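Undergrad: Quick one: the structure is below, and I'll ask about it shortly.
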Amino acid sequence: MTVDIGSPLALPCGATLKNRLAKGAMTEGLGDPLNRATEGHVRLYKRWAEGGAGMLLTGNVQVDRRYLERPGNVAIDGPQSNEAIAALRAYARAGTEDGTHLWMQISHAGRQTPASVNKEPVGPSDKALEMPGSQFGKPRPLTGVEIEDVIRRFAHAATIARDTGFTGVQIHGAHGYLISEFLSPDVNTRTDEWGGSLENRARLLLETVRAVRRAVGDDFPVSVKLNSADFQRGGFSHEDAIRVAAWLDAEKLDLLEISGGTYEQPRLVGLDDMTLHPEKAEVRRESTIAREAYFLEYAKDIRAAVKMPLMVTGGFRTVAGMNAALASGTMDLVGIARPLCVDPAIPGKLLSGAAAETPAYEKTLRLGPGILGPHSPINMLKALNGWGQQGWFCLQILRMGEGKNPDPKMGVFTAFRNYAKNEARAAAAMQR
């Protein structure tokens, strides 16, 4: 039987997704100053649930309020108030309309916690991000006791997700956040049982998966987001990813999402090196650059090592490309993210045949031509393009959370400036 985007997907735990399109996780920034869910999440996820995707992944819900990816994150940190539980239940109801699955992505930002949230983030070691500007402080290495606490926090957040009506969880082990940092030999320079060999560097991820599974039971979807590679010399390699994926397969995961990159190497959004040391960038496979999906070639190698369902997010824009990838057997679920910032109904249009491809605004978003573009040799201009493009998509999400429509005519510099103002206001509100 030919598999396409309209085919249902049965998961190992017994749950079934109504089709093969999933909204990839994207940060929302809609949390209140106490990092609780809000009416903004309800408005946004109702709109996305009505858009037709089989499954929606939330933006990263943090397991420790001290270490956020941005000030507006939702955090599940310790006992939850009645108000916080009620807000999560409303969020879950909105995101599960029309038989849609809503999975909570649970995360710890690690050293990628912005200085506006915490000037001293934590990580496996004291190695700081090497990026222009001073958005991130030098991290403090976690103690062994603190690492065990992180594992418990993930299990606690997963339990709250299940109890409030979310239909699955995804453990964020990619994109340079804490678990991803532990996997990277470039960032994790520990010499104890949490560092050194790949087995030790993967210990935090595997122990977290086991703790979450014990907490939620065998019939609740548990997934992981894993880098196919960090794309940094000396970082988490593709060979490492294949071995870790095989270990995860033995843990009876319901889904493994394949992605790649970090803040320093943001290949997850199709951008190039944003560090102070471009010579450390690892070249992506030419065949992958030429193809529609960023990480499909890497997923092929992982597919050969595992039996669990695979999801690939990053770059898919045409129905033909999505169906070809599914029919090849390389993957089982197509992740779409940024197009839903501009057209929240695009999954349904793709499924019905009303559209043959998604919007691709990322191809034209830039400060200007030539030296002003995202590949500028001037680090600051490159960074302004990268953060401006990210801000552009984030502001579209904020608009939908406010009940407004997206604004495709917004300029990149305007987005950079307004996004920075929004983040400053949210950070200040947290400190009151």
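As shown in the structure tokens, the chain order sets the letters A, B, ...; within each chain, residues go from 1, and ligands are also counted from 1 in the order they appear.
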Looking only at helix (DSSP H, G or I) from DSSP on the backbone, list the matching residues of stretch 203-420 of chain A as a ChimeraX atom specification.
TA: /A:203-216,238-249,267-269,278-280,286-290,296-303,319-327,339-342,346-352,361-363,370-372,379-401,412-420
Undergrad: For A:Lys119, find every residue with an atom within 12 Å (counting only C-alpha atoms), except residues of its own chain fewer than 4 positions away, and show them as a count of residues only.
TA: 17
Undergrad: Based on DSSP run over this structure's backbone, return all residues of stretch 204-425 of chain A in strand (DSSP E), as a PyMOL selection string.
TA: chain A and resi 222-227+255-259+310-313+333-336
Undergrad: Could those residues be written to a file, using all heavy atoms, as a compact mmCIF listing (two decimals), in the first residue's frame?
TA:
```txt
# COMPACT_ATOMS: atom_id res chain seq x y z
N VAL A 222 5.60 8.69 23.71
CA VAL A 222 6.85 9.33 24.16
C VAL A 222 7.78 9.40 22.95
O VAL A 222 8.04 8.38 22.30
CB VAL A 222 7.52 8.56 25.30
CG1 VAL A 222 8.87 9.19 25.66
CG2 VAL A 222 6.61 8.51 26.54
N SER A 223 8.26 10.58 22.66
CA SER A 223 9.14 10.77 21.50
C SER A 223 10.37 11.56 21.91
O SER A 223 10.44 12.12 23.02
CB SER A 223 8.40 11.49 20.37
OG SER A 223 8.03 12.80 20.78
N VAL A 224 11.34 11.61 21.01
CA VAL A 224 12.59 12.37 21.23
C VAL A 224 12.90 13.14 19.95
O VAL A 224 12.66 12.66 18.84
CB VAL A 224 13.76 11.42 21.56
CG1 VAL A 224 15.12 12.12 21.43
CG2 VAL A 224 13.62 10.87 22.97
N LYS A 225 13.42 14.35 20.12
CA LYS A 225 13.96 15.11 19.00
C LYS A 225 15.48 15.04 19.11
O LYS A 225 16.05 15.39 20.15
CB LYS A 225 13.49 16.57 19.05
CG LYS A 225 13.88 17.38 17.82
CD LYS A 225 13.12 18.70 17.81
CE LYS A 225 13.21 19.37 16.45
NZ LYS A 225 12.26 20.51 16.36
N LEU A 226 16.13 14.57 18.05
CA LEU A 226 17.57 14.31 18.07
C LEU A 226 18.23 14.96 16.86
O LEU A 226 17.70 14.90 15.75
CB LEU A 226 17.82 12.79 18.04
CG LEU A 226 19.27 12.33 18.14
CD1 LEU A 226 19.81 12.53 19.56
CD2 LEU A 226 19.38 10.86 17.74
N ASN A 227 19.38 15.56 17.08
CA ASN A 227 20.15 16.08 15.95
C ASN A 227 20.71 14.94 15.11
O ASN A 227 21.23 13.96 15.65
CB ASN A 227 21.33 16.93 16.44
CG ASN A 227 20.95 18.39 16.66
OD1 ASN A 227 19.81 18.80 16.44
ND2 ASN A 227 21.91 19.18 17.11
N LEU A 255 8.25 7.63 18.60
CA LEU A 255 8.63 8.44 17.45
C LEU A 255 9.97 9.09 17.72
O LEU A 255 10.23 9.56 18.82
CB LEU A 255 7.57 9.53 17.21
CG LEU A 255 7.76 10.44 15.99
CD1 LEU A 255 7.50 9.68 14.70
CD2 LEU A 255 6.83 11.65 16.08
N LEU A 256 10.82 9.12 16.70
CA LEU A 256 12.09 9.86 16.77
C LEU A 256 12.06 10.91 15.67
O LEU A 256 11.90 10.60 14.50
CB LEU A 256 13.27 8.92 16.56
CG LEU A 256 14.66 9.59 16.56
CD1 LEU A 256 14.98 10.18 17.95
CD2 LEU A 256 15.75 8.61 16.14
N GLU A 257 12.20 12.18 16.08
CA GLU A 257 12.27 13.27 15.11
C GLU A 257 13.72 13.60 14.82
O GLU A 257 14.51 13.81 15.74
CB GLU A 257 11.54 14.52 15.62
CG GLU A 257 11.56 15.65 14.61
CD GLU A 257 10.92 16.94 15.10
OE1 GLU A 257 10.46 16.98 16.26
OE2 GLU A 257 10.89 17.91 14.32
N ILE A 258 14.06 13.67 13.53
CA ILE A 258 15.43 13.95 13.10
C ILE A 258 15.54 15.41 12.69
O ILE A 258 14.79 15.88 11.83
CB ILE A 258 15.83 13.05 11.91
CG1 ILE A 258 15.64 11.57 12.26
CG2 ILE A 258 17.25 13.34 11.48
CD1 ILE A 258 16.45 11.11 13.43
N SER A 259 16.47 16.13 13.31
CA SER A 259 16.70 17.52 12.97
C SER A 259 18.22 17.74 12.96
O SER A 259 18.97 16.81 12.73
CB SER A 259 15.99 18.43 13.97
OG SER A 259 16.02 19.78 13.52
N LEU A 310 9.88 7.41 12.25
CA LEU A 310 10.76 8.57 12.14
C LEU A 310 10.00 9.77 11.57
O LEU A 310 9.22 9.63 10.64
CB LEU A 310 11.95 8.27 11.23
CG LEU A 310 12.97 7.22 11.68
CD1 LEU A 310 14.10 7.12 10.65
CD2 LEU A 310 13.53 7.55 13.05
N MET A 311 10.29 10.93 12.13
CA MET A 311 9.76 12.20 11.64
C MET A 311 10.93 13.06 11.22
O MET A 311 11.96 13.11 11.90
CB MET A 311 8.96 12.89 12.75
CG MET A 311 8.52 14.32 12.46
SD MET A 311 7.54 14.96 13.87
CE MET A 311 7.43 16.70 13.46
N VAL A 312 10.80 13.72 10.08
CA VAL A 312 11.84 14.65 9.61
C VAL A 312 11.21 16.02 9.44
O VAL A 312 10.18 16.16 8.78
CB VAL A 312 12.47 14.18 8.28
CG1 VAL A 312 13.50 15.20 7.79
CG2 VAL A 312 13.14 12.82 8.45
N THR A 313 11.83 17.02 10.05
CA THR A 313 11.36 18.41 9.97
C THR A 313 12.48 19.27 9.40
O THR A 313 13.63 19.11 9.77
CB THR A 313 10.96 18.94 11.37
OG1 THR A 313 9.97 18.08 11.92
CG2 THR A 313 10.41 20.35 11.28
N LEU A 333 6.66 10.46 9.08
CA LEU A 333 5.89 11.64 9.44
C LEU A 333 6.64 12.88 8.95
O LEU A 333 7.85 12.99 9.15
CB LEU A 333 5.69 11.70 10.95
CG LEU A 333 4.66 12.67 11.53
CD1 LEU A 333 3.25 12.32 11.06
CD2 LEU A 333 4.71 12.66 13.06
N VAL A 334 5.90 13.79 8.30
CA VAL A 334 6.49 15.02 7.76
C VAL A 334 6.27 16.16 8.73
O VAL A 334 5.12 16.48 9.07
CB VAL A 334 5.85 15.38 6.40
CG1 VAL A 334 6.42 16.72 5.88
CG2 VAL A 334 6.09 14.27 5.37
N GLY A 335 7.34 16.79 9.18
CA GLY A 335 7.24 17.95 10.05
C GLY A 335 7.26 19.24 9.25
O GLY A 335 8.13 19.44 8.40
N ILE A 336 6.28 20.10 9.49
CA ILE A 336 6.21 21.42 8.85
C ILE A 336 6.14 22.45 9.97
O ILE A 336 5.33 22.31 10.89
CB ILE A 336 4.97 21.56 7.96
CG1 ILE A 336 4.88 20.41 6.95
CG2 ILE A 336 4.98 22.90 7.22
CD1 ILE A 336 3.57 20.41 6.17
```
Undergrad: Would you mind reading off the distance between atom CA of A:Cys341 and atom CA of A:Met26, one decimal, in Å?
TA: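 Atom-to-atom, atom CA of A:Cys341 to atom CA of A:Met26, that is 9.2 Å.
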Undergrad: For the interface of stretch 25-89 of chain A with stretch 409-429 of chain A (cut-off 10 Å, counting only C-alpha atoms), please tabulate each contacting residue of stretch 25-89 of chain A alongside its nearest pair of atoms and their separation in Å to one decimal, rows sorted by chain and increasing number, as JSON lines.
TA:
```
{"residue": "A:Gly29", "atom": "CA", "partner": "A:Glu423", "partner_atom": "CA", "distance": 8.4}
{"residue": "A:Leu30", "atom": "CA", "partner": "A:Ala426", "partner_atom": "CA", "distance": 9.4}
{"residue": "A:Gly31", "atom": "CA", "partner": "A:Ala426", "partner_atom": "CA", "distance": 9.0}
{"residue": "A:Asp32", "atom": "CA", "partner": "A:Ala426", "partner_atom": "CA", "distance": 8.2}
{"residue": "A:Pro33", "atom": "CA", "partner": "A:Ala429", "partner_atom": "CA", "distance": 5.6}
{"residue": "A:Leu34", "atom": "CA", "partner": "A:Ala429", "partner_atom": "CA", "distance": 8.9}
{"residue": "A:Arg70", "atom": "CA", "partner": "A:Glu423", "partner_atom": "CA", "distance": 7.4}
{"residue": "A:Pro71", "atom": "CA", "partner": "A:Ala427", "partner_atom": "CA", "distance": 5.2}
{"residue": "A:Gly72", "atom": "CA", "partner": "A:Ala426", "partner_atom": "CA", "distance": 6.3}
{"residue": "A:Asn73", "atom": "CA", "partner": "A:Ala426", "partner_atom": "CA", "distance": 9.8}
```
Undergrad: Please, could you write that set of residues out with N, CA, C and O atoms as a PDB file, in the first residue's frame?
TA:
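Written file, result.pdb:
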```
ATOM      1  N   GLY A  29       6.332  32.123  22.984  1.00  0.00           N
ATOM      2  CA  GLY A  29       6.501  33.370  23.720  1.00  0.00           C
ATOM      3  C   GLY A  29       5.212  33.931  24.278  1.00  0.00           C
ATOM      4  O   GLY A  29       5.106  35.130  24.525  1.00  0.00           O
ATOM      5  N   LEU A  30       4.228  33.082  24.502  1.00  0.00           N
ATOM      6  CA  LEU A  30       2.903  33.528  24.956  1.00  0.00           C
ATOM      7  C   LEU A  30       2.662  33.291  26.443  1.00  0.00           C
ATOM      8  O   LEU A  30       1.569  33.564  26.937  1.00  0.00           O
ATOM      9  N   GLY A  31       3.643  32.769  27.162  1.00  0.00           N
ATOM     10  CA  GLY A  31       3.474  32.529  28.584  1.00  0.00           C
ATOM     11  C   GLY A  31       3.378  33.828  29.372  1.00  0.00           C
ATOM     12  O   GLY A  31       3.882  34.872  28.947  1.00  0.00           O
ATOM     13  N   ASP A  32       2.735  33.776  30.543  1.00  0.00           N
ATOM     14  CA  ASP A  32       2.629  34.977  31.383  1.00  0.00           C
ATOM     15  C   ASP A  32       3.909  35.146  32.202  1.00  0.00           C
ATOM     16  O   ASP A  32       4.835  34.333  32.098  1.00  0.00           O
ATOM     17  N   PRO A  33       4.017  36.213  33.006  1.00  0.00           N
ATOM     18  CA  PRO A  33       5.252  36.435  33.773  1.00  0.00           C
ATOM     19  C   PRO A  33       5.600  35.317  34.757  1.00  0.00           C
ATOM     20  O   PRO A  33       6.742  35.236  35.210  1.00  0.00           O
ATOM     21  N   LEU A  34       4.628  34.470  35.099  1.00  0.00           N
ATOM     22  CA  LEU A  34       4.889  33.304  35.950  1.00  0.00           C
ATOM     23  C   LEU A  34       5.099  32.051  35.118  1.00  0.00           C
ATOM     24  O   LEU A  34       5.128  30.941  35.648  1.00  0.00           O
ATOM     25  N   ARG A  70      13.457  31.498  26.344  1.00  0.00           N
ATOM     26  CA  ARG A  70      13.104  32.917  26.229  1.00  0.00           C
ATOM     27  C   ARG A  70      12.111  33.226  27.340  1.00  0.00           C
ATOM     28  O   ARG A  70      11.503  32.322  27.923  1.00  0.00           O
ATOM     29  N   PRO A  71      11.907  34.510  27.667  1.00  0.00           N
ATOM     30  CA  PRO A  71      11.072  34.854  28.824  1.00  0.00           C
ATOM     31  C   PRO A  71       9.636  34.353  28.743  1.00  0.00           C
ATOM     32  O   PRO A  71       9.033  34.047  29.771  1.00  0.00           O
ATOM     33  N   GLY A  72       9.041  34.276  27.550  1.00  0.00           N
ATOM     34  CA  GLY A  72       7.644  33.891  27.429  1.00  0.00           C
ATOM     35  C   GLY A  72       7.381  32.399  27.378  1.00  0.00           C
ATOM     36  O   GLY A  72       6.271  31.978  27.039  1.00  0.00           O
ATOM     37  N   ASN A  73       8.385  31.577  27.699  1.00  0.00           N
ATOM     38  CA  ASN A  73       8.164  30.129  27.732  1.00  0.00           C
ATOM     39  C   ASN A  73       7.145  29.737  28.783  1.00  0.00           C
ATOM     40  O   ASN A  73       7.038  30.384  29.834  1.00  0.00           O
TER      41      ASN A  73
END
```
Undergrad: Nearest residue to A:Ala94 out of A:Ile106, A:Ala211, A:Ala75, A:Leu44, using only C-alpha atoms?
TA: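 Selected residue with least distance to A:Ala94: A:Leu44.
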Undergrad: To one decimal place, how far is atom CA of A:Glu362 from atom CA of A:Arg338 in Å?
TA: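 Distance reported for this atom pair: 8.3 Å.
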Undergrad: For the atom pair atom CA of A:His375 and atom CA of A:Tyr294, what is the interatomic distance in Å to one decimal place?
TA: 17.7 Å
Undergrad: Measuring atom to atom with only C-alpha atoms, identify which of A:Asp240, A:Glu28, A:Asp64, A:Asp126 is nearest to A:Ala109.
TA: A:Asp64
Undergrad: Measuring atom to atom with only C-alpha atoms, identify which of A:Gly348, A:Gly235, A:Gly403, A:Pro359 is nearest to A:Glu181.
TA: A:Gly235
Undergrad: Could you check the closest approach to A:Leu248 for each of A:Leu367, A:Met308, A:Ala10, A:Ala215 and tell me which residue wins, using only C-alpha atoms?
TA: A:Met308
Undergrad: I'd like the neighbourhood of A:Asp4 as a list in words, where a residue qualifies if any of its atoms comes within 10 Å (using only C-alpha atoms), though same-chain residues fewer than 6 positions away should be ignored.
TA: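 Listing them by chain and then by number gives Asn19, Arg20, Leu21, Val319, Ala320, Met322, Asn323, Ala324, Ala325, Leu326, Ala327, Asp332, Leu333, Val334 and Leu351 of chain A.
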Undergrad: Restricting the output to C-alpha atoms, write the selected residues as an mmCIF file, in the first residue's frame.
TA:
```
data_model
loop_
_atom_site.group_PDB
_atom_site.id
_atom_site.type_symbol
_atom_site.label_atom_id
_atom_site.label_comp_id
_atom_site.auth_asym_id
_atom_site.auth_seq_id
_atom_site.Cartn_x
_atom_site.Cartn_y
_atom_site.Cartn_z
ATOM 1 C CA ASN A 19 -2.481 11.747 8.830
ATOM 2 C CA ARG A 20 1.243 12.103 8.202
ATOM 3 C CA LEU A 21 1.565 15.886 8.628
ATOM 4 C CA VAL A 319 3.381 17.713 -1.593
ATOM 5 C CA ALA A 320 5.404 15.853 -4.230
ATOM 6 C CA MET A 322 6.643 14.954 1.060
ATOM 7 C CA ASN A 323 4.924 12.015 -0.625
ATOM 8 C CA ALA A 324 8.154 10.853 -2.262
ATOM 9 C CA ALA A 325 9.930 10.862 1.100
ATOM 10 C CA LEU A 326 7.119 8.906 2.754
ATOM 11 C CA ALA A 327 6.828 6.411 -0.102
ATOM 12 C CA ASP A 332 6.961 8.113 8.509
ATOM 13 C CA LEU A 333 5.891 11.643 9.436
ATOM 14 C CA VAL A 334 6.493 15.022 7.756
ATOM 15 C CA LEU A 351 -4.206 17.237 2.147
#
```
Undergrad: Which residues are close to A:Leu365, i.e. within 9 Å by only C-alpha atoms, leaving aside same-chain residues fewer than 3 positions away? Reply as number ranges by chain.
TA: A: 361-362, 368, 373-374, 385, 388-389, 392, 411-412
Undergrad: Okay, now the selection with all heavy atoms, as a compact mmCIF listing (two decimals), in the first residue's frame?
TA:
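Dumped to selection_5.txt:
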```txt
# COMPACT_ATOMS: atom_id res chain seq x y z
N TYR A 361 8.59 31.87 2.75
CA TYR A 361 9.04 33.24 2.98
C TYR A 361 10.51 33.31 3.39
O TYR A 361 11.17 34.32 3.15
CB TYR A 361 8.16 33.91 4.05
CG TYR A 361 6.81 34.31 3.53
CD1 TYR A 361 5.71 33.46 3.66
CD2 TYR A 361 6.62 35.52 2.89
CE1 TYR A 361 4.46 33.81 3.17
CE2 TYR A 361 5.38 35.90 2.39
CZ TYR A 361 4.30 35.03 2.54
OH TYR A 361 3.07 35.38 2.05
N GLU A 362 11.03 32.23 4.00
CA GLU A 362 12.42 32.25 4.45
C GLU A 362 13.41 32.47 3.30
O GLU A 362 14.55 32.88 3.52
CB GLU A 362 12.76 30.96 5.20
CG GLU A 362 12.80 29.70 4.35
CD GLU A 362 11.43 29.08 4.12
OE1 GLU A 362 10.43 29.61 4.64
OE2 GLU A 362 11.38 28.06 3.40
N GLY A 368 18.64 43.10 3.07
CA GLY A 368 18.82 43.71 1.76
C GLY A 368 19.64 42.79 0.88
O GLY A 368 20.00 41.68 1.27
N GLY A 373 22.71 40.70 3.01
CA GLY A 373 21.94 39.48 3.11
C GLY A 373 22.44 38.53 4.18
O GLY A 373 23.42 38.79 4.88
N PRO A 374 21.77 37.36 4.31
CA PRO A 374 22.09 36.40 5.38
C PRO A 374 23.46 35.75 5.25
O PRO A 374 23.95 35.17 6.21
CB PRO A 374 20.97 35.37 5.28
CG PRO A 374 20.42 35.51 3.90
CD PRO A 374 20.59 36.94 3.53
N ASN A 385 20.48 39.43 10.20
CA ASN A 385 19.61 38.69 9.29
C ASN A 385 19.04 37.45 9.96
O ASN A 385 17.85 37.16 9.87
CB ASN A 385 20.38 38.29 8.03
CG ASN A 385 20.36 39.33 6.95
OD1 ASN A 385 19.40 39.46 6.21
ND2 ASN A 385 21.43 40.10 6.87
N GLY A 388 16.77 38.51 12.84
CA GLY A 388 15.62 39.20 12.27
C GLY A 388 14.63 38.24 11.62
O GLY A 388 13.42 38.38 11.77
N GLN A 389 15.17 37.25 10.89
CA GLN A 389 14.30 36.25 10.28
C GLN A 389 13.58 35.44 11.35
O GLN A 389 12.37 35.20 11.25
CB GLN A 389 15.11 35.33 9.37
CG GLN A 389 14.25 34.38 8.56
CD GLN A 389 15.05 33.46 7.67
OE1 GLN A 389 15.05 32.24 7.85
NE2 GLN A 389 15.76 34.04 6.71
N TRP A 392 10.88 37.50 12.82
CA TRP A 392 9.76 37.64 11.89
C TRP A 392 8.75 36.52 12.10
O TRP A 392 7.55 36.76 12.23
CB TRP A 392 10.30 37.63 10.47
CG TRP A 392 9.33 38.04 9.40
CD1 TRP A 392 9.14 39.30 8.90
CD2 TRP A 392 8.45 37.18 8.67
NE1 TRP A 392 8.19 39.28 7.91
CE2 TRP A 392 7.74 37.99 7.74
CE3 TRP A 392 8.17 35.82 8.69
CZ2 TRP A 392 6.80 37.47 6.85
CZ3 TRP A 392 7.23 35.30 7.82
CH2 TRP A 392 6.55 36.12 6.91
N GLY A 411 8.78 43.81 7.55
CA GLY A 411 10.18 43.82 7.16
C GLY A 411 11.07 43.11 8.17
O GLY A 411 10.72 43.01 9.36
N VAL A 412 12.24 42.65 7.72
CA VAL A 412 13.14 41.90 8.60
C VAL A 412 13.73 42.79 9.70
O VAL A 412 13.81 42.38 10.85
CB VAL A 412 14.27 41.24 7.77
CG1 VAL A 412 15.34 40.65 8.69
CG2 VAL A 412 13.70 40.15 6.89
```
Undergrad: Which of these residues is nearest to A:Gly40, using only C-alpha atoms: A:Leu178, A:Ile160, A:Val74, A:Ala337?
TA: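 Closest residue, counting only C-alpha atoms: A:Val74.
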Undergrad: List as a ChimeraX atom specification the protein and nucleic acid residues near A:Phe236, meaning an atom at most 7 Å away when only C-alpha atoms are counted, but skip any in the same chain fewer than 6 places from it.
TA: /A:183-185,229-230
Undergrad: Can I get the selected residues back with N, CA and C atoms, as an mmCIF file, in the first residue's frame?
TA:
```cif
data_model
loop_
_atom_site.group_PDB
_atom_site.id
_atom_site.type_symbol
_atom_site.label_atom_id
_atom_site.label_comp_id
_atom_site.auth_asym_id
_atom_site.auth_seq_id
_atom_site.Cartn_x
_atom_site.Cartn_y
_atom_site.Cartn_z
ATOM 1 N N LEU A 183 25.334 15.598 24.777
ATOM 2 C CA LEU A 183 25.709 14.680 23.703
ATOM 3 C C LEU A 183 26.947 15.140 22.950
ATOM 4 N N SER A 184 27.232 16.442 22.955
ATOM 5 C CA SER A 184 28.333 17.006 22.161
ATOM 6 C C SER A 184 29.674 16.923 22.884
ATOM 7 N N PRO A 185 30.673 16.237 22.292
ATOM 8 C CA PRO A 185 31.999 16.208 22.929
ATOM 9 C C PRO A 185 32.677 17.566 22.916
ATOM 10 N N ALA A 229 23.137 15.685 13.331
ATOM 11 C CA ALA A 229 24.508 16.143 13.564
ATOM 12 C C ALA A 229 24.419 17.577 14.065
ATOM 13 N N ASP A 230 25.485 18.032 14.754
ATOM 14 C CA ASP A 230 25.535 19.426 15.190
ATOM 15 C C ASP A 230 26.062 20.346 14.094
#
```
